[in-house]
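The structure file start.cif is reproduced below (mmCIF, C-alpha atoms).
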data_work
loop_
_atom_site.label_atom_id
_atom_site.label_comp_id
_atom_site.auth_asym_id
_atom_site.auth_seq_id
_atom_site.Cartn_x
_atom_site.Cartn_y
_atom_site.Cartn_z
CA MET A 1 -14.47 24.16 15.39
CA THR A 2 -13.41 20.59 14.69
CA GLN A 3 -10.36 19.74 12.60
CA LEU A 4 -9.54 16.16 11.66
CA TYR A 5 -6.69 14.44 9.90
CA SER A 6 -9.01 11.80 8.47
CA LEU A 7 -12.61 10.64 8.64
CA GLY A 8 -14.30 7.49 7.40
CA LEU A 9 -17.79 6.03 7.56
CA GLY A 10 -17.44 2.27 7.25
CA VAL A 11 -19.26 -1.03 7.14
CA GLY A 12 -17.39 -4.13 8.21
CA THR A 13 -17.23 -7.59 9.72
CA GLN A 14 -16.96 -8.65 13.33
CA ASN A 15 -16.43 -12.09 14.86
CA LEU A 16 -18.72 -13.65 17.45
CA ASN A 17 -16.93 -11.66 20.17
CA ASN A 18 -17.80 -8.39 18.37
CA GLU A 19 -14.15 -7.85 17.44
CA TRP A 20 -13.48 -6.16 14.10
CA LEU A 21 -12.04 -8.29 11.31
CA GLU A 22 -12.18 -5.72 8.49
CA VAL A 23 -13.82 -2.43 7.48
CA PHE A 24 -14.85 -1.04 4.09
CA TYR A 25 -14.88 2.77 3.72
CA PRO A 26 -16.68 3.85 0.51
CA GLN A 27 -15.34 7.43 0.50
CA PRO A 28 -12.67 8.09 3.16
CA LEU A 29 -11.69 11.71 3.70
CA LEU A 30 -8.26 13.25 4.24
CA ASN A 31 -8.36 16.61 6.04
CA PRO A 32 -12.17 16.82 5.76
CA ALA A 33 -13.82 20.22 5.51
CA GLU A 34 -14.40 21.86 8.87
CA ALA A 35 -18.18 21.86 8.30
CA THR A 36 -18.18 18.09 7.68
CA ALA A 37 -15.93 17.37 10.65
CA SER A 38 -18.03 19.53 12.97
CA ALA A 39 -21.29 17.95 11.79
CA VAL A 40 -19.99 14.43 12.47
CA ALA A 41 -18.47 15.47 15.81
CA GLN A 42 -21.73 16.98 17.03
CA ALA A 43 -23.94 14.15 15.80
CA LEU A 44 -21.74 11.47 17.41
CA ASN A 45 -20.75 13.39 20.55
CA TYR A 46 -17.10 13.17 19.53
CA GLN A 47 -14.81 14.28 22.33
CA GLY A 48 -11.55 14.57 20.42
CA GLY A 49 -8.54 12.39 19.73
CA ASN A 50 -8.51 9.29 17.54
CA GLN A 51 -11.80 7.50 18.08
CA VAL A 52 -13.68 4.53 16.68
CA ILE A 53 -17.42 4.97 17.21
CA GLU A 54 -19.78 2.09 16.48
CA LEU A 55 -23.06 3.18 14.91
CA ASP A 56 -26.67 2.09 15.06
CA VAL A 57 -29.72 3.12 13.01
CA ASP A 58 -30.60 6.05 15.29
CA LYS A 59 -27.07 7.45 15.12
CA MET A 60 -26.99 7.01 11.35
CA GLN A 61 -30.26 8.91 10.94
CA GLY A 62 -28.98 11.84 12.96
CA LEU A 63 -25.60 11.73 11.23
CA ALA A 64 -27.20 11.79 7.77
CA GLU A 65 -29.28 14.83 8.68
CA ALA A 66 -26.27 16.63 10.16
CA LEU A 67 -24.19 16.00 7.03
CA GLU A 68 -26.99 17.23 4.78
CA GLN A 69 -27.21 20.45 6.79
CA ALA A 70 -23.44 20.83 6.50
CA GLY A 71 -23.71 20.60 2.69
CA ASP A 72 -21.74 17.36 2.32
CA ASP A 73 -24.04 15.46 -0.04
CA VAL A 74 -21.57 12.62 -0.68
CA GLN A 75 -21.07 11.66 2.96
CA ALA A 76 -24.77 12.26 3.67
CA ALA A 77 -25.70 9.77 0.93
CA ILE A 78 -23.35 7.19 2.42
CA ALA A 79 -24.89 7.72 5.85
CA ARG A 80 -28.38 7.34 4.36
CA SER A 81 -27.44 4.07 2.67
CA PHE A 82 -25.96 2.75 5.92
CA ILE A 83 -29.32 3.05 7.68
CA HIS A 84 -30.46 -0.18 6.00
CA SER A 85 -27.25 -2.13 6.67
CA LYS A 86 -27.38 -5.59 8.20
CA ARG A 87 -23.66 -5.42 8.99
CA PRO A 88 -21.77 -3.58 11.74
CA LEU A 89 -21.22 0.13 11.09
CA VAL A 90 -18.48 2.43 12.32
CA ALA A 91 -17.29 6.02 12.15
CA THR A 92 -13.52 6.41 12.49
CA LEU A 93 -12.29 9.90 13.36
CA LEU A 94 -8.57 10.60 13.43
CA ALA A 95 -7.53 13.88 15.00
CA GLU A 96 -3.88 13.22 14.23
CA ASP A 97 -1.72 11.01 12.07
CA SER A 98 -0.40 8.57 14.65
CA ALA A 99 0.15 4.82 14.79
CA PRO A 100 -3.13 2.91 14.36
CA GLN A 101 -4.47 1.31 17.53
CA SER A 102 -7.38 -0.69 16.12
CA VAL A 103 -8.62 -2.53 13.03
CA PRO A 104 -10.91 0.34 11.91
CA GLU A 105 -8.03 2.82 12.21
CA GLY A 106 -5.64 0.57 10.30
CA TYR A 107 -8.14 -0.07 7.51
CA LEU A 108 -8.90 3.64 7.18
CA LYS A 109 -5.22 4.37 6.62
CA LEU A 110 -4.89 1.56 4.07
CA HIS A 111 -7.90 3.02 2.24
CA LEU A 112 -6.27 6.47 2.20
CA ILE A 113 -3.33 5.04 0.26
CA SER A 114 -5.35 2.95 -2.20
CA HIS A 115 -7.70 5.89 -2.83
CA ARG A 116 -4.57 7.92 -3.78
CA LEU A 117 -5.19 10.41 -0.97
CA VAL A 118 -1.69 9.81 0.41
CA LYS A 119 1.35 8.11 -1.11
CA PRO A 120 3.30 5.27 0.51
CA HIS A 121 5.09 6.54 3.64
CA GLY A 122 2.61 9.42 3.66
CA THR A 123 0.72 8.17 6.72
CA ASP A 124 1.87 6.54 9.96
CA LEU A 125 1.44 2.75 9.79
CA THR A 126 3.68 1.93 12.74
CA GLY A 127 2.57 -1.30 14.40
CA LEU A 128 -0.08 -2.04 11.78
CA PHE A 129 0.73 -5.76 11.71
CA GLY A 130 -0.03 -6.01 15.40
CA CYS A 131 -3.43 -4.35 14.93
CA LEU A 132 -4.73 -6.53 12.11
CA PRO A 133 -5.96 -10.08 12.74
CA ASN A 134 -5.12 -12.97 10.48
CA VAL A 135 -8.35 -13.69 8.62
CA ALA A 136 -9.77 -16.33 6.30
CA TRP A 137 -10.92 -14.46 3.18
CA THR A 138 -13.80 -16.45 1.72
CA ASN A 139 -16.58 -16.19 -0.85
CA GLN A 140 -18.75 -15.14 2.10
CA GLY A 141 -16.37 -12.44 3.27
CA ALA A 142 -13.93 -12.31 6.18
CA VAL A 143 -14.15 -15.17 8.69
CA ASP A 144 -12.40 -15.46 12.06
CA LEU A 145 -9.99 -18.42 11.91
CA ASP A 146 -11.36 -19.87 15.16
CA GLU A 147 -14.86 -19.77 13.67
CA LEU A 148 -13.87 -21.16 10.27
CA PRO A 149 -14.38 -24.92 10.94
CA GLU A 150 -17.97 -24.37 12.11
CA ARG A 151 -18.71 -22.07 9.17
CA GLN A 152 -17.31 -24.65 6.76
CA LEU A 153 -19.43 -27.39 8.31
CA GLN A 154 -22.61 -25.30 8.23
CA ALA A 155 -21.99 -24.44 4.58
CA ARG A 156 -21.59 -28.14 3.68
CA LEU A 157 -24.74 -29.08 5.57
CA ALA A 158 -26.63 -26.44 3.60
CA GLY A 159 -25.30 -27.83 0.34
CA ASP A 160 -22.89 -24.94 -0.17
CA LEU A 161 -19.12 -24.56 -0.24
CA LEU A 162 -17.27 -22.01 1.84
CA GLU A 163 -14.29 -21.30 -0.40
CA VAL A 164 -11.20 -19.93 1.33
CA ALA A 165 -9.28 -17.82 -1.18
CA CYS A 166 -6.45 -17.00 1.21
CA VAL A 167 -5.48 -16.62 4.87
CA ASP A 168 -3.81 -13.27 5.46
CA LYS A 169 -3.87 -10.04 7.43
CA PHE A 170 -4.43 -8.01 4.27
CA PRO A 171 -7.25 -8.44 1.74
CA LYS A 172 -6.91 -7.84 -1.96
CA MET A 173 -7.29 -4.20 -2.89
CA THR A 174 -9.95 -4.59 -5.56
CA ASN A 175 -12.54 -5.82 -3.04
CA TYR A 176 -12.29 -2.33 -1.50
CA VAL A 177 -10.89 0.08 -4.08
CA VAL A 178 -10.51 -0.01 -7.87
CA PRO A 179 -8.55 3.11 -8.86
CA LYS A 180 -9.33 4.75 -12.18
CA GLY A 181 -7.10 4.14 -15.17
CA VAL A 182 -5.36 0.93 -14.09
CA ARG A 183 -5.21 -2.67 -15.31
CA ILE A 184 -4.71 -5.56 -12.91
CA ALA A 185 -4.45 -8.98 -14.52
CA HIS A 186 -4.51 -10.97 -11.25
CA THR A 187 -6.30 -9.02 -8.53
CA ALA A 188 -5.18 -11.29 -5.68
CA ARG A 189 -1.62 -10.01 -6.20
CA VAL A 190 -2.38 -6.44 -5.14
CA ARG A 191 -3.00 -5.88 -1.42
CA LEU A 192 -5.20 -3.22 0.13
CA GLY A 193 -2.91 -0.31 0.94
CA ALA A 194 -1.22 -0.40 -2.47
CA TYR A 195 -0.99 2.87 -4.40
CA LEU A 196 -1.56 2.47 -8.15
CA GLY A 197 -1.22 5.67 -10.15
CA GLU A 198 -3.19 6.17 -13.34
CA GLY A 199 -1.72 4.28 -16.29
CA THR A 200 -0.34 1.44 -14.16
CA THR A 201 -0.59 -2.10 -15.50
CA ILE A 202 -0.02 -5.03 -13.15
CA MET A 203 0.52 -8.20 -15.16
CA HIS A 204 -0.31 -11.71 -13.94
CA GLU A 205 2.98 -12.25 -12.09
CA GLY A 206 3.23 -8.67 -10.82
CA PHE A 207 2.75 -8.05 -7.10
CA VAL A 208 2.21 -4.86 -5.09
CA ASN A 209 2.35 -4.92 -1.30
CA PHE A 210 0.70 -2.48 1.10
CA ASN A 211 2.37 0.93 1.64
CA ALA A 212 3.96 0.54 -1.79
CA GLY A 213 3.12 1.21 -5.40
CA THR A 214 3.72 3.16 -8.55
CA ALA A 215 3.09 6.70 -9.74
CA GLY A 216 2.12 5.40 -13.17
CA PRO A 217 2.23 4.98 -16.02
CA GLY A 218 4.25 1.81 -15.77
CA MET A 219 4.31 -1.90 -16.54
CA ILE A 220 4.76 -4.11 -13.48
CA GLU A 221 5.57 -7.76 -14.11
CA GLY A 222 7.73 -8.07 -10.98
CA ARG A 223 7.43 -7.50 -7.26
CA ILE A 224 6.97 -4.14 -5.53
CA SER A 225 7.67 -4.96 -1.89
CA ALA A 226 6.34 -3.15 1.18
CA GLY A 227 7.61 0.42 1.39
CA VAL A 228 8.80 0.65 -2.24
CA PHE A 229 7.56 3.34 -4.63
CA VAL A 230 8.13 3.30 -8.39
CA GLU A 231 8.06 6.61 -10.24
CA SER A 232 6.44 7.28 -13.60
CA GLY A 233 7.55 5.57 -16.79
CA SER A 234 9.42 2.74 -15.06
CA ASP A 235 8.96 -0.95 -15.86
CA LEU A 236 9.64 -4.03 -13.76
CA GLY A 237 10.29 -7.08 -15.93
CA GLY A 238 8.99 -10.58 -15.28
CA GLY A 239 10.31 -12.10 -12.04
CA SER A 240 12.11 -8.93 -10.98
CA SER A 241 11.92 -7.74 -7.38
CA THR A 242 12.58 -4.85 -5.05
CA MET A 243 13.83 -5.34 -1.51
CA GLY A 244 11.25 -4.11 1.00
CA THR A 245 11.89 -2.84 4.51
CA LEU A 246 10.05 -5.91 5.84
CA SER A 247 12.18 -8.48 4.02
CA GLY A 248 15.80 -7.74 4.76
CA GLY A 249 16.10 -4.17 3.58
CA GLY A 250 16.53 -2.78 7.09
CA ASN A 251 15.56 0.85 7.40
CA ILE A 252 16.66 1.79 3.87
CA ILE A 253 13.64 2.93 1.86
CA ILE A 254 13.95 1.47 -1.62
CA SER A 255 12.57 3.52 -4.50
CA ILE A 256 12.74 3.43 -8.27
CA GLY A 257 13.14 6.71 -10.14
CA LYS A 258 11.55 7.77 -13.41
CA GLU A 259 12.03 5.82 -16.65
CA CYS A 260 13.93 2.94 -15.06
CA LEU A 261 13.99 -0.69 -16.14
CA LEU A 262 14.52 -3.81 -14.06
CA GLY A 263 15.12 -6.65 -16.48
CA ALA A 264 13.56 -10.07 -16.09
CA ASN A 265 14.62 -11.72 -12.81
CA ALA A 266 16.64 -8.65 -11.83
CA GLY A 267 16.36 -6.87 -8.50
CA THR A 268 17.58 -4.03 -6.34
CA GLY A 269 18.33 -3.46 -2.69
CA ILE A 270 19.31 0.19 -3.21
CA PRO A 271 17.17 3.15 -4.28
CA LEU A 272 17.64 4.02 -7.94
CA GLY A 273 17.67 7.49 -9.46
CA ASP A 274 16.08 8.28 -12.83
CA ARG A 275 16.80 6.42 -16.10
CA CYS A 276 18.59 3.48 -14.48
CA THR A 277 18.70 -0.08 -15.81
CA ILE A 278 19.57 -3.36 -14.14
CA GLU A 279 20.14 -6.09 -16.68
CA SER A 280 18.18 -9.33 -16.60
CA GLY A 281 19.20 -11.78 -13.89
CA LEU A 282 21.30 -9.32 -11.87
CA TYR A 283 20.35 -8.56 -8.27
CA ILE A 284 22.05 -5.54 -6.73
CA THR A 285 22.24 -5.40 -2.92
CA ALA A 286 23.67 -2.57 -0.84
CA GLY A 287 26.90 -4.50 -0.30
CA THR A 288 27.43 -5.67 -3.90
CA LYS A 289 30.92 -4.72 -5.13
CA VAL A 290 30.53 -2.73 -8.33
CA VAL A 291 33.24 -1.68 -10.81
CA VAL A 292 32.32 1.82 -11.99
CA LEU A 293 33.07 2.72 -15.62
CA ASP A 294 33.02 6.24 -17.01
CA ASP A 295 31.51 7.37 -20.31
CA GLN A 296 34.60 6.08 -22.13
CA GLY A 297 34.41 2.63 -20.56
CA ASN A 298 37.42 3.26 -18.32
CA GLU A 299 37.52 1.92 -14.77
CA VAL A 300 37.18 4.72 -12.22
CA ASN A 301 36.63 2.93 -8.92
CA THR A 302 35.28 -0.14 -7.19
CA VAL A 303 32.58 0.68 -4.65
CA LYS A 304 29.75 -0.91 -2.76
CA ALA A 305 26.42 -0.42 -4.54
CA ARG A 306 25.04 1.71 -1.68
CA GLU A 307 27.47 4.45 -2.79
CA LEU A 308 25.59 4.63 -6.09
CA ALA A 309 22.17 4.95 -4.48
CA ASN A 310 19.81 7.55 -5.97
CA GLN A 311 22.20 8.42 -8.81
CA SER A 312 20.64 8.74 -12.26
CA GLY A 313 21.65 7.40 -15.65
CA LEU A 314 23.25 4.14 -14.49
CA LEU A 315 23.38 0.76 -16.22
CA PHE A 316 24.19 -2.20 -14.00
CA ARG A 317 25.41 -5.33 -15.76
CA ARG A 318 27.43 -8.47 -15.10
CA ASN A 319 30.52 -8.91 -17.26
CA SER A 320 29.95 -12.18 -19.11
CA LEU A 321 33.71 -12.95 -19.22
CA THR A 322 34.86 -12.05 -15.71
CA GLY A 323 31.57 -12.30 -13.80
CA ARG A 324 32.16 -8.98 -12.06
CA VAL A 325 29.32 -6.48 -11.62
CA GLU A 326 29.86 -3.29 -13.58
CA CYS A 327 28.12 0.07 -13.61
CA VAL A 328 28.29 1.97 -16.88
CA THR A 329 27.53 5.68 -16.65
CA ASN A 330 27.26 8.67 -18.94
CA LYS A 331 29.62 10.71 -16.76
CA THR A 332 33.30 11.50 -17.09
CA ALA A 333 35.78 10.17 -14.56
CA VAL A 334 35.93 13.57 -12.84
CA GLN A 335 32.15 13.81 -12.55
CA LEU A 336 31.98 10.29 -11.18
CA ASN A 337 34.60 10.90 -8.53
CA GLU A 338 32.77 14.04 -7.43
CA ALA A 339 29.48 12.17 -7.17
CA LEU A 340 31.02 9.32 -5.17
CA HIS A 341 32.73 11.79 -2.84
CA VAL A 342 29.42 13.54 -2.17
CA ASN A 343 27.74 10.23 -1.28
CA ASN A 344 30.53 9.35 1.13
#
Can you dump the structure from the file as structure tokens?
Amino acid sequence: MTQLYSLGLGVGTQNLNNEWLEVFYPQPLLNPAEATASAVAQALNYQGGNQVIELDVDKMQGLAEALEQAGDDVQAAIARSFIHSKRPLVATLLAEDSAPQSVPEGYLKLHLISHRLVKPHGTDLTGLFGCLPNVAWTNQGAVDLDELPERQLQARLAGDLLEVACVDKFPKMTNYVVPKGVRIAHTARVRLGAYLGEGTTIMHEGFVNFNAGTAGPGMIEGRISAGVFVESGSDLGGGSSTMGTLSGGGNIIISIGKECLLGANAGTGIPLGDRCTIESGLYITAGTKVVVLDDQGNEVNTVKARELANQSGLLFRRNSLTGRVECVTNKTAVQLNEALHVNN
């Protein structure tokens, strides 16, 4: 009996040293059926653990037959199509959810998120940056940066142009996965490893990093940084931003609850509960001093914003006369004091 955390049959790109630059997995599996896992294990002589197994035509033929016998028609069809590939092929088998140690492992985990098989923070991505090479993403696919000048020259000599769209460790998601029920106005602004729930719209200036995303439905015209998840019904206005764990947020996981609104050019460095609003132009960090007002508009306390983290029904605004940051709530003074005491 073979049990796996994840399994992916992929086709990718290697540099001249046969080092992986990227991998595309058409239908990655999370917790694949035992019959599928056992068929792949037997066909590839899998010995356990997290393994990356490079494939040739003979292995693909045997793998396709094994998958057909196991009753997995989808993976068998992928294996059959791979037989005619002119690009490097790989099978990535993960026995456990641990930190990725190679490019194929890292790309499989990014695919799991973008295929909506796991949510952000739902799989171990520790050390992913160290695994992935910086790559030139061109109209001819991924190119090793050391090999780029020669490729550019050869393209010119052939009367072609090798267009470099970007230089990055992460490709755009839509070259690998296009989730159902979403709109993305500018595809280069959504990285592979983003999670876009059905009903999500990413406008031209919206951005979604890897290991981040939205449950949908929602309108995203701002930035969802790495590690941030936005719940259903929430909108991020133009130019707004969320502080990611990679850009100054430390170890605090920033999240946006249901039916929240970040106004244009607003931002947050604390997790928000449900039905919260931050007015346009106001950026709340964990250390921002906030004057808390009860449901009657009376001052209750002055606290750091981190003490209001994850509380619902809050409106953050800047007083246009005094310049102080205020938080208006729908709670009485007693309820507010109890909530603040709990957070302390």
Give one line per residue of region 100-189 of chain A that approaches region 208-232 of chain A to at most 10 Å, naming the two atoms of the closest pair and their distance in Å to one decimal, counting only C-alpha atoms; sort by chain then ascending residue number and deliver it as a Markdown table.
| residue | atom | partner | partner_atom | distance |
| --- | --- | --- | --- | --- |
| A:Lys109 | CA | A:Asn211 | CA | 9.7 |
| A:Leu110 | CA | A:Phe210 | CA | 7.5 |
| A:Ile113 | CA | A:Asn211 | CA | 7.2 |
| A:Ser114 | CA | A:Phe210 | CA | 8.8 |
| A:Arg116 | CA | A:Ala215 | CA | 9.8 |
| A:Val118 | CA | A:Asn211 | CA | 9.8 |
| A:Lys119 | CA | A:Asn211 | CA | 7.8 |
| A:Pro120 | CA | A:Asn211 | CA | 4.6 |
| A:His121 | CA | A:Asn211 | CA | 6.5 |
| A:Gly122 | CA | A:Asn211 | CA | 8.7 |
| A:Thr123 | CA | A:Asn211 | CA | 9.0 |
| A:Leu125 | CA | A:Asn211 | CA | 8.4 |
| A:Phe170 | CA | A:Phe210 | CA | 8.2 |
| A:Pro171 | CA | A:Phe210 | CA | 10.0 |
| A:Lys172 | CA | A:Asn209 | CA | 9.7 |
| A:Met173 | CA | A:Phe210 | CA | 9.1 |
| A:Gly181 | CA | A:Pro217 | CA | 9.4 |
| A:Val182 | CA | A:Gly216 | CA | 8.8 |
| A:Arg183 | CA | A:Met219 | CA | 9.6 |
| A:Ile184 | CA | A:Ile220 | CA | 9.6 |
| A:Ala188 | CA | A:Val208 | CA | 9.8 |
| A:Arg189 | CA | A:Val208 | CA | 6.5 |
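Residues selected in this file by the PyMOL selection byres ((chain A and resi 316) around 7) comprise Thr277, Ile278, Glu279, Leu314, Leu315, Arg317, Glu326, Cys327 and Val328 of chain A.
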Task: region 18-32 of chain A environment, 7 Å, all atoms listed in the file, sequence neighbours closer than 3 positions dropped, as a PyMOL selection string - done: chain A and resi 4-15+36-37+103-104+107-108+112+117+133+142+176
For the selection you just gave me, I'd like the residues written to a file as a PDB file, in the frame of the given file, keeping C-alpha atoms.
ATOM      1  CA  LEU A   4      -9.540  16.160  11.660  1.00  0.00           C
ATOM      2  CA  TYR A   5      -6.690  14.440   9.900  1.00  0.00           C
ATOM      3  CA  SER A   6      -9.010  11.800   8.470  1.00  0.00           C
ATOM      4  CA  LEU A   7     -12.610  10.640   8.640  1.00  0.00           C
ATOM      5  CA  GLY A   8     -14.300   7.490   7.400  1.00  0.00           C
ATOM      6  CA  LEU A   9     -17.790   6.030   7.560  1.00  0.00           C
ATOM      7  CA  GLY A  10     -17.440   2.270   7.250  1.00  0.00           C
ATOM      8  CA  VAL A  11     -19.260  -1.030   7.140  1.00  0.00           C
ATOM      9  CA  GLY A  12     -17.390  -4.130   8.210  1.00  0.00           C
ATOM     10  CA  THR A  13     -17.230  -7.590   9.720  1.00  0.00           C
ATOM     11  CA  GLN A  14     -16.960  -8.650  13.330  1.00  0.00           C
ATOM     12  CA  ASN A  15     -16.430 -12.090  14.860  1.00  0.00           C
ATOM     13  CA  THR A  36     -18.180  18.090   7.680  1.00  0.00           C
ATOM     14  CA  ALA A  37     -15.930  17.370  10.650  1.00  0.00           C
ATOM     15  CA  VAL A 103      -8.620  -2.530  13.030  1.00  0.00           C
ATOM     16  CA  PRO A 104     -10.910   0.340  11.910  1.00  0.00           C
ATOM     17  CA  TYR A 107      -8.140  -0.070   7.510  1.00  0.00           C
ATOM     18  CA  LEU A 108      -8.900   3.640   7.180  1.00  0.00           C
ATOM     19  CA  LEU A 112      -6.270   6.470   2.200  1.00  0.00           C
ATOM     20  CA  LEU A 117      -5.190  10.410  -0.970  1.00  0.00           C
ATOM     21  CA  PRO A 133      -5.960 -10.080  12.740  1.00  0.00           C
ATOM     22  CA  ALA A 142     -13.930 -12.310   6.180  1.00  0.00           C
ATOM     23  CA  TYR A 176     -12.290  -2.330  -1.500  1.00  0.00           C
TER      24      TYR A 176
END
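Compared by their closest atoms to Asp168 (chain A), and using all atoms listed in the file, the residues A:Ile202, A:Ala136, A:Glu105, A:Thr242 rank with A:Ala136 nearest.
Look at Val167 (chain A): the protein and nucleic acid residues within 7 Å of it, using all atoms listed in the file and passing over chain neighbours fewer than 6 places away, are Asn134, Val135, Ala136 and Trp137 of chain A.
Nearest to Lys180 (chain A) of all the residues A:Ile252, A:Asp73, A:His115, A:Ala155 is A:His115, counting all atoms listed in the file.
Against the coordinates shown, the PyMOL selection byres ((chain A and resi 61) around 12) returns Val40, Ala43, Leu44, Leu55, Asp56, Val57, Asp58, Lys59, Met60, Gly62, Leu63, Ala64, Glu65, Ala66, Leu67, Glu68, Ala76, Ala77, Ile78, Ala79, Arg80, Ser81, Phe82, Ile83 and His84 of chain A.
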Open item on the list: For a quick check of understanding, using all atoms listed in the file, which of A:Glu96, A:Val177, A:Gly233, A:Lys169 has the smallest distance to Gly199 (chain A)?
Closed with: A:Gly233
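Among the candidate residues A:Val290, A:Ala99, A:Ala33, A:Ile284, the one lying nearest to Leu128 (chain A) is A:Ala99, with distances computed using only C-alpha atoms.
Proximity of A:Asp235, A:Glu163, A:Glu54, A:Asp144 to Arg87 (chain A), computed with only C-alpha atoms, is greatest for A:Glu54.
With distances taken over all atoms listed in the file, A:Ala264 is the one residue among A:Ile253, A:Ala305, A:Ala158, A:Ala264 lying closest to Leu236 (chain A).
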Output of region 231-244 of chain A limited to N, CA and C atoms, as a short mmCIF file (atom, residue, chain, number, x, y, z; two decimals), in the first residue's frame:
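See out-v7.cif below for the written result:
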data_model
loop_
_atom_site.label_atom_id
_atom_site.label_comp_id
_atom_site.auth_asym_id
_atom_site.auth_seq_id
_atom_site.Cartn_x
_atom_site.Cartn_y
_atom_site.Cartn_z
N GLU A 231 -11.17 37.03 2.76
CA GLU A 231 -12.38 36.22 2.79
C GLU A 231 -13.44 36.77 1.82
N SER A 232 -14.53 36.05 1.72
CA SER A 232 -15.56 36.33 0.72
C SER A 232 -16.24 37.68 0.94
N GLY A 233 -16.57 38.32 -0.17
CA GLY A 233 -17.33 39.57 -0.12
C GLY A 233 -16.53 40.80 0.21
N SER A 234 -15.21 40.68 0.30
CA SER A 234 -14.38 41.83 0.65
C SER A 234 -13.76 42.45 -0.59
N ASP A 235 -13.62 43.78 -0.57
CA ASP A 235 -13.06 44.52 -1.69
C ASP A 235 -11.83 45.29 -1.25
N LEU A 236 -10.83 45.33 -2.14
CA LEU A 236 -9.64 46.14 -1.92
C LEU A 236 -9.62 47.23 -2.97
N GLY A 237 -9.75 48.49 -2.53
CA GLY A 237 -9.83 49.61 -3.45
C GLY A 237 -8.51 49.89 -4.15
N GLY A 238 -8.56 50.74 -5.16
CA GLY A 238 -7.39 51.06 -5.96
C GLY A 238 -6.23 51.59 -5.13
N GLY A 239 -5.05 50.98 -5.30
CA GLY A 239 -3.86 51.44 -4.59
C GLY A 239 -3.77 50.97 -3.16
N SER A 240 -4.74 50.20 -2.67
CA SER A 240 -4.68 49.73 -1.29
C SER A 240 -3.69 48.58 -1.18
N SER A 241 -3.29 48.25 0.05
CA SER A 241 -2.29 47.20 0.20
C SER A 241 -2.44 46.49 1.54
N THR A 242 -1.91 45.29 1.58
CA THR A 242 -1.88 44.49 2.81
C THR A 242 -0.43 44.14 3.07
N MET A 243 -0.03 44.20 4.33
CA MET A 243 1.36 43.96 4.69
C MET A 243 1.63 42.46 4.75
N GLY A 244 2.52 41.97 3.90
CA GLY A 244 2.84 40.55 3.88
C GLY A 244 3.94 40.19 4.86
#
